[in-house]
file upload.csv (CSV, C-alpha atoms)
chain,number,residue,atom,x,y,z
A,657,MET,CA,60.5,-66.2,-99.4
A,658,ARG,CA,58.6,-63.1,-98.3
A,659,ASP,CA,59.2,-59.4,-97.8
A,660,PHE,CA,59.0,-58.1,-94.2
A,661,TYR,CA,59.2,-55.0,-92.2
A,662,LEU,CA,61.2,-55.3,-89.0
A,663,MET,CA,60.2,-52.8,-86.4
A,664,VAL,CA,63.2,-52.3,-84.1
A,665,ASP,CA,62.5,-50.6,-80.8
A,666,CYS,CA,65.2,-50.1,-78.1
A,667,ASN,CA,64.0,-51.1,-74.7
A,668,ASN,CA,63.5,-48.3,-72.1
A,669,PHE,CA,65.8,-46.2,-74.2
A,670,TYR,CA,66.5,-43.1,-72.1
A,671,ALA,CA,66.8,-45.1,-68.9
A,672,SER,CA,69.1,-47.6,-70.7
A,673,CYS,CA,71.3,-44.8,-72.0
A,674,GLU,CA,71.9,-43.6,-68.4
A,675,ARG,CA,73.0,-47.1,-67.5
A,676,VAL,CA,75.5,-47.3,-70.3
A,677,PHE,CA,77.6,-44.6,-68.6
A,678,ASP,CA,77.0,-45.8,-65.0
A,679,PRO,CA,77.0,-49.6,-64.9
A,680,ARG,CA,76.3,-49.4,-61.1
A,681,LEU,CA,72.7,-48.7,-62.1
A,682,GLU,CA,72.3,-52.2,-63.6
A,683,GLY,CA,69.4,-54.0,-61.8
A,684,LYS,CA,68.2,-50.9,-60.0
A,685,PRO,CA,65.1,-48.8,-60.7
A,686,VAL,CA,65.8,-45.9,-63.0
A,687,VAL,CA,63.4,-43.2,-64.2
A,688,VAL,CA,64.0,-40.2,-66.6
A,689,LEU,CA,61.9,-37.0,-66.3
A,690,SER,CA,60.7,-34.7,-69.0
A,691,ASN,CA,61.6,-31.1,-69.6
A,692,ASN,CA,61.7,-29.1,-66.3
A,693,ASP,CA,61.5,-32.5,-64.5
A,694,GLY,CA,57.8,-32.5,-65.0
A,695,CYS,CA,56.7,-36.1,-65.8
A,696,VAL,CA,58.1,-39.6,-66.0
A,697,ILE,CA,59.0,-40.3,-69.6
A,698,ALA,CA,61.2,-43.4,-69.3
A,699,ARG,CA,61.3,-46.3,-66.8
A,700,SER,CA,63.7,-49.3,-66.4
A,701,ASN,CA,62.0,-52.7,-66.0
A,702,GLU,CA,62.7,-52.4,-62.2
A,703,ALA,CA,60.9,-49.1,-62.0
A,704,LYS,CA,58.0,-50.6,-63.9
A,705,ALA,CA,57.8,-53.5,-61.4
A,706,LEU,CA,57.5,-50.9,-58.6
A,707,GLY,CA,54.4,-49.5,-60.3
A,708,VAL,CA,55.9,-46.3,-61.7
A,709,VAL,CA,53.5,-45.1,-64.4
A,710,MET,CA,54.5,-43.5,-67.7
A,711,GLY,CA,53.6,-39.8,-67.8
A,712,GLU,CA,52.7,-39.3,-64.2
A,713,PRO,CA,53.8,-36.0,-62.6
A,714,ALA,CA,57.1,-36.4,-60.8
A,715,TYR,CA,56.2,-34.2,-57.8
A,716,LYS,CA,53.5,-36.7,-56.8
A,717,ARG,CA,56.2,-39.5,-56.5
A,718,GLU,CA,59.1,-37.7,-54.8
A,719,ALA,CA,58.6,-39.5,-51.5
A,720,PHE,CA,58.0,-42.9,-53.2
A,721,PHE,CA,61.2,-42.5,-55.3
A,722,SER,CA,63.2,-41.8,-52.1
A,723,ARG,CA,61.8,-44.7,-50.2
A,724,GLY,CA,62.1,-47.1,-53.1
A,725,GLY,CA,65.7,-46.3,-54.0
A,726,VAL,CA,64.6,-45.1,-57.4
A,727,HIS,CA,67.4,-43.3,-59.3
A,728,VAL,CA,65.9,-40.2,-61.0
A,729,PHE,CA,67.5,-38.4,-63.9
A,730,SER,CA,66.7,-35.2,-65.7
A,731,SER,CA,66.5,-35.8,-69.5
A,732,ASN,CA,69.8,-35.5,-71.3
A,733,TYR,CA,68.8,-35.2,-75.0
A,734,ALA,CA,72.4,-34.7,-76.2
A,735,LEU,CA,73.3,-38.0,-74.7
A,736,TYR,CA,70.2,-39.8,-76.0
A,737,GLY,CA,70.7,-38.3,-79.5
A,738,ASP,CA,74.3,-39.5,-79.7
A,739,MET,CA,73.4,-43.0,-78.6
A,740,SER,CA,70.5,-43.1,-81.1
A,741,ALA,CA,72.8,-42.1,-83.9
A,742,ARG,CA,75.2,-45.0,-83.0
A,743,VAL,CA,72.4,-47.5,-82.9
A,744,MET,CA,70.9,-46.4,-86.2
A,745,ARG,CA,74.2,-46.6,-88.0
A,746,ILE,CA,74.5,-50.2,-87.0
A,747,LEU,CA,70.9,-51.0,-87.9
A,748,ALA,CA,71.4,-49.4,-91.4
A,749,GLY,CA,73.9,-52.2,-92.0
A,750,PHE,CA,71.1,-54.8,-92.0
A,751,SER,CA,69.1,-53.2,-94.8
A,752,GLU,CA,69.6,-50.6,-97.5
A,753,GLU,CA,66.0,-49.6,-96.9
A,754,ALA,CA,66.0,-48.4,-93.3
A,755,GLU,CA,63.6,-45.7,-92.0
A,756,VAL,CA,64.5,-44.0,-88.7
A,757,TYR,CA,61.1,-43.5,-87.1
A,758,SER,CA,62.0,-42.0,-83.8
A,759,ILE,CA,65.0,-41.6,-81.4
A,760,ASP,CA,64.7,-45.2,-80.4
A,761,GLU,CA,62.8,-46.9,-83.3
A,762,CYS,CA,63.6,-47.9,-86.8
A,763,PHE,CA,61.9,-49.8,-89.6
A,764,LEU,CA,64.0,-52.1,-91.7
A,765,LEU,CA,62.6,-53.5,-95.0
A,766,LEU,CA,64.0,-57.0,-95.6
A,767,ARG,CA,63.2,-58.4,-99.1
A,768,GLY,CA,63.1,-62.1,-100.0
A,769,PHE,CA,63.7,-63.6,-96.6
A,770,SER,CA,62.9,-67.0,-95.3
A,771,SER,CA,61.7,-67.6,-91.8
A,772,ALA,CA,65.1,-69.0,-90.8
A,773,SER,CA,67.0,-66.1,-92.3
A,774,LEU,CA,64.6,-63.6,-90.7
A,775,LEU,CA,65.1,-65.2,-87.3
A,776,ARG,CA,68.9,-65.1,-87.6
A,777,THR,CA,68.8,-61.4,-88.6
A,778,ALA,CA,66.5,-60.6,-85.6
A,779,ARG,CA,69.0,-62.3,-83.3
A,780,GLU,CA,71.9,-60.4,-84.7
A,781,ILE,CA,70.0,-57.1,-84.2
A,782,ARG,CA,69.5,-57.9,-80.6
A,783,ARG,CA,73.3,-58.2,-80.3
A,784,THR,CA,73.5,-54.5,-80.9
A,785,GLU,CA,73.9,-54.1,-77.1
A,786,ASP,CA,77.0,-56.2,-77.2
A,787,LEU,CA,78.5,-54.4,-80.2
A,788,LEU,CA,78.0,-51.0,-78.8
A,789,GLY,CA,77.1,-51.1,-75.2
A,790,ALA,CA,73.9,-49.5,-76.3
A,791,PRO,CA,70.3,-50.1,-75.1
A,792,SER,CA,69.1,-53.6,-76.1
A,793,PRO,CA,66.6,-53.4,-79.0
A,794,GLY,CA,63.5,-55.5,-79.2
A,795,VAL,CA,62.3,-56.6,-82.6
A,796,GLU,CA,58.8,-57.0,-84.0
A,797,VAL,CA,58.2,-58.5,-87.4
A,798,HIS,CA,55.4,-57.3,-89.7
A,799,PRO,CA,54.6,-58.5,-93.2
A,800,LEU,CA,55.0,-56.0,-96.0
A,801,LEU,CA,51.2,-55.6,-96.3
A,802,GLY,CA,51.4,-53.1,-93.5
A,803,ALA,CA,53.2,-51.8,-90.4
A,804,LEU,CA,50.5,-53.1,-88.2
A,805,THR,CA,50.0,-56.7,-87.1
A,806,ALA,CA,47.1,-58.6,-88.7
A,807,ALA,CA,45.2,-58.7,-85.4
A,808,GLU,CA,45.6,-54.9,-84.9
A,809,GLN,CA,44.5,-54.3,-88.5
A,810,ASP,CA,41.3,-56.4,-87.9
A,811,ARG,CA,40.6,-54.6,-84.6
A,812,ALA,CA,41.4,-51.0,-85.4
A,813,ILE,CA,41.0,-50.3,-89.1
A,814,ALA,CA,37.7,-50.5,-91.0
A,815,PRO,CA,37.7,-52.4,-94.3
A,816,ALA,CA,38.9,-50.0,-97.0
A,817,PRO,CA,37.4,-49.9,-100.5
A,818,ALA,CA,39.1,-51.8,-103.3
A,819,GLY,CA,42.0,-49.9,-104.7
A,820,THR,CA,42.8,-47.9,-101.6
A,821,ARG,CA,46.4,-46.9,-101.5
A,822,LYS,CA,46.6,-44.6,-98.5
A,823,VAL,CA,45.6,-44.9,-94.8
A,824,VAL,CA,45.4,-42.0,-92.4
A,825,LEU,CA,45.5,-42.7,-88.7
A,826,ALA,CA,44.0,-39.4,-87.3
A,827,THR,CA,43.3,-41.1,-83.9
A,828,ASN,CA,45.0,-38.6,-81.5
A,829,ALA,CA,44.5,-39.9,-77.9
A,830,TRP,CA,43.7,-43.4,-79.2
A,831,THR,CA,47.0,-43.6,-81.2
A,832,HIS,CA,48.7,-45.9,-78.7
A,833,HIS,CA,46.4,-48.7,-79.9
A,834,PHE,CA,48.4,-48.9,-83.1
A,835,ALA,CA,51.7,-50.9,-82.7
A,836,PRO,CA,54.1,-48.4,-84.6
A,837,MET,CA,52.8,-45.5,-82.5
A,838,GLN,CA,52.4,-47.2,-79.2
A,839,ARG,CA,55.0,-45.2,-77.4
A,840,LYS,CA,54.8,-41.9,-79.3
A,841,GLN,CA,52.1,-40.3,-77.1
A,842,VAL,CA,50.0,-41.0,-74.0
A,843,PRO,CA,46.3,-40.2,-73.6
A,844,VAL,CA,45.8,-37.7,-70.7
A,845,TRP,CA,42.4,-36.5,-69.5
A,846,THR,CA,41.6,-32.8,-68.9
A,847,TYR,CA,38.5,-31.7,-66.9
A,848,ILE,CA,36.2,-28.7,-67.1
A,849,VAL,CA,33.4,-27.1,-65.1
A,850,LEU,CA,30.8,-24.6,-66.4
A,851,THR,CA,28.8,-22.1,-64.4
A,852,GLU,CA,25.2,-21.1,-65.0
A,853,PRO,CA,24.8,-17.8,-67.0
A,854,LEU,CA,26.3,-15.0,-64.9
A,855,THR,CA,24.3,-11.9,-63.9
A,856,ASP,CA,25.3,-8.4,-64.9
A,857,ALA,CA,26.6,-7.8,-61.3
A,858,GLN,CA,28.7,-11.0,-61.4
A,859,LEU,CA,30.2,-10.0,-64.7
A,860,ASP,CA,31.0,-6.5,-63.5
A,861,SER,CA,32.7,-8.0,-60.4
A,862,MET,CA,35.2,-9.9,-62.6
A,863,GLY,CA,36.4,-6.8,-64.5
A,864,TRP,CA,36.8,-9.0,-67.6
A,865,LYS,CA,35.8,-6.5,-70.3
A,866,GLY,CA,37.6,-8.0,-73.3
A,867,ARG,CA,36.4,-11.6,-72.8
A,868,GLU,CA,39.8,-12.9,-73.7
A,869,GLY,CA,40.6,-16.6,-73.3
A,870,VAL,CA,43.1,-17.1,-70.4
A,871,GLU,CA,45.7,-19.8,-69.8
A,872,ASP,CA,48.6,-19.9,-67.4
A,873,PHE,CA,52.0,-21.4,-68.3
A,874,ARG,CA,52.6,-24.1,-65.7
A,875,ASP,CA,52.9,-27.7,-66.6
A,876,LEU,CA,49.5,-28.3,-64.9
A,877,VAL,CA,47.5,-25.4,-66.3
A,878,HIS,CA,44.2,-23.6,-65.8
A,879,TYR,CA,42.4,-22.3,-68.8
A,880,TYR,CA,39.2,-20.3,-68.7
A,881,ARG,CA,36.9,-18.1,-70.9
A,882,LEU,CA,33.5,-16.6,-71.0
A,883,THR,CA,31.0,-18.3,-73.3
A,884,ALA,CA,28.6,-16.5,-75.7
A,885,ASP,CA,25.8,-16.9,-73.2
A,886,ASP,CA,27.9,-15.4,-70.4
A,887,ARG,CA,28.9,-18.6,-68.5
A,888,LEU,CA,32.4,-19.0,-67.1
A,889,LEU,CA,34.2,-22.2,-68.3
A,890,MET,CA,37.1,-23.3,-66.1
A,891,GLY,CA,39.4,-26.2,-67.0
A,892,GLY,CA,42.7,-27.7,-65.9
A,893,ARG,CA,44.0,-28.8,-62.6
A,894,ASP,CA,45.5,-32.3,-62.4
A,895,VAL,CA,45.3,-34.3,-65.6
A,896,GLY,CA,44.0,-37.9,-65.5
A,897,LEU,CA,46.3,-40.7,-66.6
A,898,GLY,CA,45.1,-44.0,-68.0
A,899,ASN,CA,46.6,-47.4,-67.9
A,900,GLY,CA,47.1,-47.8,-71.6
A,901,LYS,CA,44.1,-50.1,-71.9
A,902,SER,CA,40.9,-48.5,-70.7
A,903,MET,CA,39.9,-45.1,-72.1
A,904,ASP,CA,37.1,-44.7,-69.5
A,905,PHE,CA,38.4,-41.8,-67.4
A,906,ASP,CA,36.1,-39.0,-68.5
A,907,ALA,CA,34.8,-38.4,-65.0
A,908,ASP,CA,36.8,-37.1,-62.0
A,909,PRO,CA,34.5,-35.6,-59.4
A,910,ALA,CA,37.4,-34.7,-57.1
A,911,THR,CA,39.1,-32.5,-59.8
A,912,TRP,CA,35.7,-31.0,-60.7
A,913,GLU,CA,35.2,-29.9,-57.1
A,914,LYS,CA,38.7,-28.4,-57.0
A,915,LEU,CA,38.0,-26.4,-60.2
A,916,ARG,CA,34.8,-25.1,-58.7
A,917,ALA,CA,36.8,-23.9,-55.7
A,918,ASP,CA,39.4,-22.3,-58.0
A,919,VAL,CA,36.6,-20.3,-59.7
A,920,ARG,CA,35.5,-18.9,-56.4
A,921,ALA,CA,39.2,-18.2,-55.3
A,922,ILE,CA,40.1,-16.4,-58.5
A,923,PHE,CA,36.8,-14.5,-58.8
A,924,PRO,CA,35.6,-13.7,-55.3
A,925,GLY,CA,32.5,-12.0,-56.8
A,926,LEU,CA,31.4,-15.5,-57.9
A,927,ARG,CA,31.5,-17.1,-54.5
A,928,ASP,CA,27.8,-17.9,-54.7
A,929,VAL,CA,27.8,-18.9,-58.3
A,930,LYS,CA,26.1,-22.2,-59.3
A,931,PHE,CA,27.5,-24.7,-61.8
A,932,SER,CA,25.5,-26.4,-64.5
A,933,HIS,CA,27.9,-28.8,-66.2
A,934,ALA,CA,31.1,-30.8,-65.6
A,935,TRP,CA,32.9,-33.0,-68.1
A,936,GLY,CA,36.3,-34.4,-69.1
A,937,GLY,CA,37.9,-36.1,-72.1
A,938,PRO,CA,41.3,-37.4,-73.4
A,939,VAL,CA,43.8,-35.5,-75.4
A,940,SER,CA,47.1,-36.8,-77.0
A,941,ALA,CA,50.3,-35.7,-75.2
A,942,THR,CA,53.7,-36.2,-76.8
A,943,LEU,CA,56.8,-35.7,-74.7
A,944,ASP,CA,57.2,-32.1,-75.7
A,945,MET,CA,53.5,-31.3,-75.9
A,946,PHE,CA,53.6,-30.4,-79.6
A,947,PRO,CA,51.7,-32.1,-82.4
A,948,ALA,CA,53.3,-34.7,-84.6
A,949,ILE,CA,52.4,-35.8,-88.2
A,950,GLY,CA,54.3,-38.2,-90.3
A,951,PHE,CA,54.6,-41.7,-91.9
A,952,ALA,CA,54.2,-44.9,-89.9
A,953,GLY,CA,56.9,-46.9,-91.5
A,954,SER,CA,55.5,-46.4,-95.0
A,955,PRO,CA,54.6,-43.3,-97.1
A,956,ASP,CA,51.2,-45.0,-97.5
A,957,ILE,CA,50.4,-44.8,-93.8
A,958,ILE,CA,50.1,-41.3,-92.4
A,959,TYR,CA,49.5,-40.5,-88.7
A,960,SER,CA,48.4,-37.4,-86.8
A,961,MET,CA,48.6,-37.1,-83.0
A,962,GLY,CA,49.7,-34.7,-80.2
A,963,CYS,CA,46.6,-32.5,-80.4
A,964,VAL,CA,46.7,-31.3,-76.8
A,965,GLY,CA,46.7,-27.6,-75.9
A,966,HIS,CA,49.0,-26.5,-78.6
A,967,GLY,CA,47.9,-29.0,-81.2
A,968,VAL,CA,44.1,-28.3,-81.0
A,969,SER,CA,44.7,-24.7,-82.2
A,970,THR,CA,46.4,-26.1,-85.4
A,971,THR,CA,44.0,-28.9,-86.3
A,972,HIS,CA,42.7,-27.0,-89.3
A,973,LEU,CA,46.3,-26.8,-90.6
A,974,ASN,CA,46.9,-30.5,-89.6
A,975,GLY,CA,44.2,-31.5,-91.9
A,976,GLN,CA,45.6,-29.6,-94.8
A,977,THR,CA,49.1,-31.0,-94.1
A,978,ILE,CA,47.8,-34.6,-94.1
A,979,ARG,CA,46.0,-33.8,-97.4
A,980,ASP,CA,49.4,-32.7,-98.9
A,981,LEU,CA,51.1,-35.8,-97.6
A,982,VAL,CA,48.4,-38.1,-99.0
A,983,LEU,CA,48.8,-36.4,-102.4
A,984,GLU,CA,52.6,-36.6,-102.1
A,985,LYS,CA,53.0,-32.9,-102.5
A,986,ASP,CA,56.0,-30.9,-101.1
A,987,THR,CA,54.4,-27.7,-99.7
A,988,ASP,CA,55.1,-25.1,-97.0
A,989,LEU,CA,52.9,-27.1,-94.7
A,990,THR,CA,54.8,-30.4,-95.1
A,991,ASP,CA,58.0,-28.5,-94.4
A,992,VAL,CA,57.1,-27.4,-90.9
A,993,PHE,CA,59.0,-28.8,-87.9
A,994,PHE,CA,56.4,-31.2,-86.6
A,995,VAL,CA,56.1,-33.2,-89.8
A,996,ASN,CA,58.1,-36.4,-89.8
A,997,ARG,CA,60.0,-35.3,-86.6
A,998,LYS,CA,61.4,-37.7,-84.1
A,999,VAL,CA,59.0,-38.2,-81.2
call {"tool": "encode", "arguments": {"input": "upload.csv", "output": "structure tokens"}}
result
Amino acid sequence: MRDFYLMVDCNNFYASCERVFDPRLEGKPVVVLSNNDGCVIARSNEAKALGVVMGEPAYKREAFFSRGGVHVFSSNYALYGDMSARVMRILAGFSEEAEVYSIDECFLLLRGFSSASLLRTAREIRRTEDLLGAPSPGVEVHPLLGALTAAEQDRAIAPAPAGTRKVVLATNAWTHHFAPMQRKQVPVWTYIVLTEPLTDAQLDSMGWKGREGVEDFRDLVHYYRLTADDRLLMGGRDVGLGNGKSMDFDADPATWEKLRADVRAIFPGLRDVKFSHAWGGPVSATLDMFPAIGFAGSPDIIYSMGCVGHGVSTTHLNGQTIRDLVLEKDTDLTDVFFVNRKV
């Protein structure tokens, strides 16, 4: 007999919810888009087979969706929340110690189970679809030693000193390498170019007296500022999307060249400016682009992710919030909306 965590994850949840109320979609490719129909945030198995990538901008795929007969839906969070509540009520019947982790995931603590009884319970959980007409859940089993599989612990977590009680996963764009957070965020790459130091004449042509940082408010943003040595930094344009395995996407010469052209278009006085540097790197993007801090199935495992544009500005507070969670203190910081929220 052993104690186990069951990690229950509903398959393709948003896309599956759409199918519940329109059975004609069964067997057809379905995708769901984020707020303002910006990016793909859910895909049916059929859409995955067509090569639709999680997180890619929808506008780039409009023609493909039309040709491929892909059914595209705007996100309906009221529907998904209602379906989630129904599923979680059923799952709570399998254990008195159930931890709802997100809108489509739940941890169940099963104490004193044999392998045979564990398998029976897992099969019953998969029948949730028949009980409710809800999205079919997948089930992963983890020993009570942790919410990560043994292989993932060996690969991703350094040996801890004897007596260690808490683990902090402050891995941001690399968070998807940990099983409990695999679908909570996606790594996206942003790119930057930097000019050589500007002359006084070039600075005057810009009319930028206050040296404020600038960002526009589209889904695909530009952001730019003057550095202390009077260079212009310009970032943004298209984001880079990985494949979930490699993190080697720091270079994008095509985007760099577009950013250089943007500098010249926005600031005509810089049409002859030279550029000294160009680089890129990954940030962690949740579906709503806000940071998320919380527990990964246990109060002893704390994660931090979602440091993209909005999250980077709060990293100093994120660290203090994690400190309070490690020390098990209830403070103003641990009471903010992005702590233990559903992602």
call {"tool": "residues_near_point", "arguments": {"input": "upload.csv", "point": "(40.8, -36.3, -67.1)", "cutoff": "10 Å", "atoms": "only C-alpha atoms", "output": "PyMOL selection string"}}
result
chain A and resi 843-848+892-898+904-909+911-912+935-939
call {"tool": "residues_near_point", "arguments": {"input": "upload.csv", "point": "(60.5, -35.4, -82.8)", "cutoff": "10 Å", "atoms": "all atoms listed in the file", "output": "ChimeraX atom specification"}}
result
/A:757-759,840,942-944,946-949,993-999
call {"tool": "write_last_selection", "arguments": {"input": "upload.csv", "atoms": "C-alpha atoms", "output": "PDB file, in the coordinates of the input"}}
result
ATOM      1  CA  TYR A 757      61.100 -43.500 -87.100  1.00  0.00           C
ATOM      2  CA  SER A 758      62.000 -42.000 -83.800  1.00  0.00           C
ATOM      3  CA  ILE A 759      65.000 -41.600 -81.400  1.00  0.00           C
ATOM      4  CA  LYS A 840      54.800 -41.900 -79.300  1.00  0.00           C
ATOM      5  CA  THR A 942      53.700 -36.200 -76.800  1.00  0.00           C
ATOM      6  CA  LEU A 943      56.800 -35.700 -74.700  1.00  0.00           C
ATOM      7  CA  ASP A 944      57.200 -32.100 -75.700  1.00  0.00           C
ATOM      8  CA  PHE A 946      53.600 -30.400 -79.600  1.00  0.00           C
ATOM      9  CA  PRO A 947      51.700 -32.100 -82.400  1.00  0.00           C
ATOM     10  CA  ALA A 948      53.300 -34.700 -84.600  1.00  0.00           C
ATOM     11  CA  ILE A 949      52.400 -35.800 -88.200  1.00  0.00           C
ATOM     12  CA  PHE A 993      59.000 -28.800 -87.900  1.00  0.00           C
ATOM     13  CA  PHE A 994      56.400 -31.200 -86.600  1.00  0.00           C
ATOM     14  CA  VAL A 995      56.100 -33.200 -89.800  1.00  0.00           C
ATOM     15  CA  ASN A 996      58.100 -36.400 -89.800  1.00  0.00           C
ATOM     16  CA  ARG A 997      60.000 -35.300 -86.600  1.00  0.00           C
ATOM     17  CA  LYS A 998      61.400 -37.700 -84.100  1.00  0.00           C
ATOM     18  CA  VAL A 999      59.000 -38.200 -81.200  1.00  0.00           C
TER      19      VAL A 999
END
call {"tool": "residues_around", "arguments": {"input": "upload.csv", "residues": "range 880-889 of chain A", "least_positions_apart": "6", "cutoff": "10 Å", "atoms": "only C-alpha atoms", "output": "NGL selection string"}}
result
:A and (848-856 or 859 or 864 or 866-872 or 915 or 919 or 926 or 929 or 931-934)
call {"tool": "closest_residue", "arguments": {"input": "upload.csv", "among": "A:Thr827, A:Lys930, A:Ser902, A:His833", "to": "Gly962 in chain A", "atoms": "all atoms listed in the file"}}
result
A:Thr827
call {"tool": "atom_distance", "arguments": {"input": "upload.csv", "atom1": "CA of Ser770 in chain A", "atom2": "CA of Arg821 in chain A"}}
result
26.7 Å
call {"tool": "atom_distance", "arguments": {"input": "upload.csv", "atom1": "CA of Ala719 in chain A", "atom2": "CA of Ala671 in chain A"}}
result
20.0 Å
call {"tool": "closest_residue", "arguments": {"input": "upload.csv", "among": "A:Lys704, A:Cys673, A:Met837, A:Thr990", "to": "Asp738 in chain A", "atoms": "only C-alpha atoms"}}
result
A:Cys673
call {"tool": "residues_around", "arguments": {"input": "upload.csv", "residues": "Thr971 in chain A", "least_positions_apart": "3", "cutoff": "12 Å", "atoms": "all atoms listed in the file", "output": "PyMOL selection string"}}
result
chain A and resi 826+828+946-949+960-968+974-978
call {"tool": "write_last_selection", "arguments": {"input": "upload.csv", "atoms": "C-alpha atoms", "output": "mmCIF file, keeping the file's coordinate frame"}}
result
data_model
loop_
_atom_site.group_PDB
_atom_site.id
_atom_site.type_symbol
_atom_site.label_atom_id
_atom_site.label_comp_id
_atom_site.auth_asym_id
_atom_site.auth_seq_id
_atom_site.Cartn_x
_atom_site.Cartn_y
_atom_site.Cartn_z
ATOM 1 C CA ALA A 826 44.000 -39.400 -87.300
ATOM 2 C CA ASN A 828 45.000 -38.600 -81.500
ATOM 3 C CA PHE A 946 53.600 -30.400 -79.600
ATOM 4 C CA PRO A 947 51.700 -32.100 -82.400
ATOM 5 C CA ALA A 948 53.300 -34.700 -84.600
ATOM 6 C CA ILE A 949 52.400 -35.800 -88.200
ATOM 7 C CA SER A 960 48.400 -37.400 -86.800
ATOM 8 C CA MET A 961 48.600 -37.100 -83.000
ATOM 9 C CA GLY A 962 49.700 -34.700 -80.200
ATOM 10 C CA CYS A 963 46.600 -32.500 -80.400
ATOM 11 C CA VAL A 964 46.700 -31.300 -76.800
ATOM 12 C CA GLY A 965 46.700 -27.600 -75.900
ATOM 13 C CA HIS A 966 49.000 -26.500 -78.600
ATOM 14 C CA GLY A 967 47.900 -29.000 -81.200
ATOM 15 C CA VAL A 968 44.100 -28.300 -81.000
ATOM 16 C CA ASN A 974 46.900 -30.500 -89.600
ATOM 17 C CA GLY A 975 44.200 -31.500 -91.900
ATOM 18 C CA GLN A 976 45.600 -29.600 -94.800
ATOM 19 C CA THR A 977 49.100 -31.000 -94.100
ATOM 20 C CA ILE A 978 47.800 -34.600 -94.100
#
call {"tool": "closest_residue", "arguments": {"input": "upload.csv", "among": "A:Met744, A:Leu774, A:Leu825, A:Leu662", "to": "Ala952 in chain A", "atoms": "all atoms listed in the file"}}
result
A:Leu825
call {"tool": "atom_distance", "arguments": {"input": "upload.csv", "atom1": "CA of Ser731 in chain A", "atom2": "CA of Ala748 in chain A"}}
result
26.2 Å
call {"tool": "closest_residue", "arguments": {"input": "upload.csv", "among": "A:Pro679, A:Gly707, A:Gly724, A:Pro713", "to": "Asn691 in chain A", "atoms": "only C-alpha atoms"}}
result
A:Pro713
call {"tool": "closest_residue", "arguments": {"input": "upload.csv", "among": "A:Ile958, A:Leu735, A:Tyr661, A:Ser690", "to": "Val676 in chain A", "atoms": "all atoms listed in the file"}}
result
A:Leu735
call {"tool": "closest_residue", "arguments": {"input": "upload.csv", "among": "A:Val823, A:Ala917, A:Val756, A:Leu983", "to": "Asp956 in chain A", "atoms": "all atoms listed in the file"}}
result
A:Val823
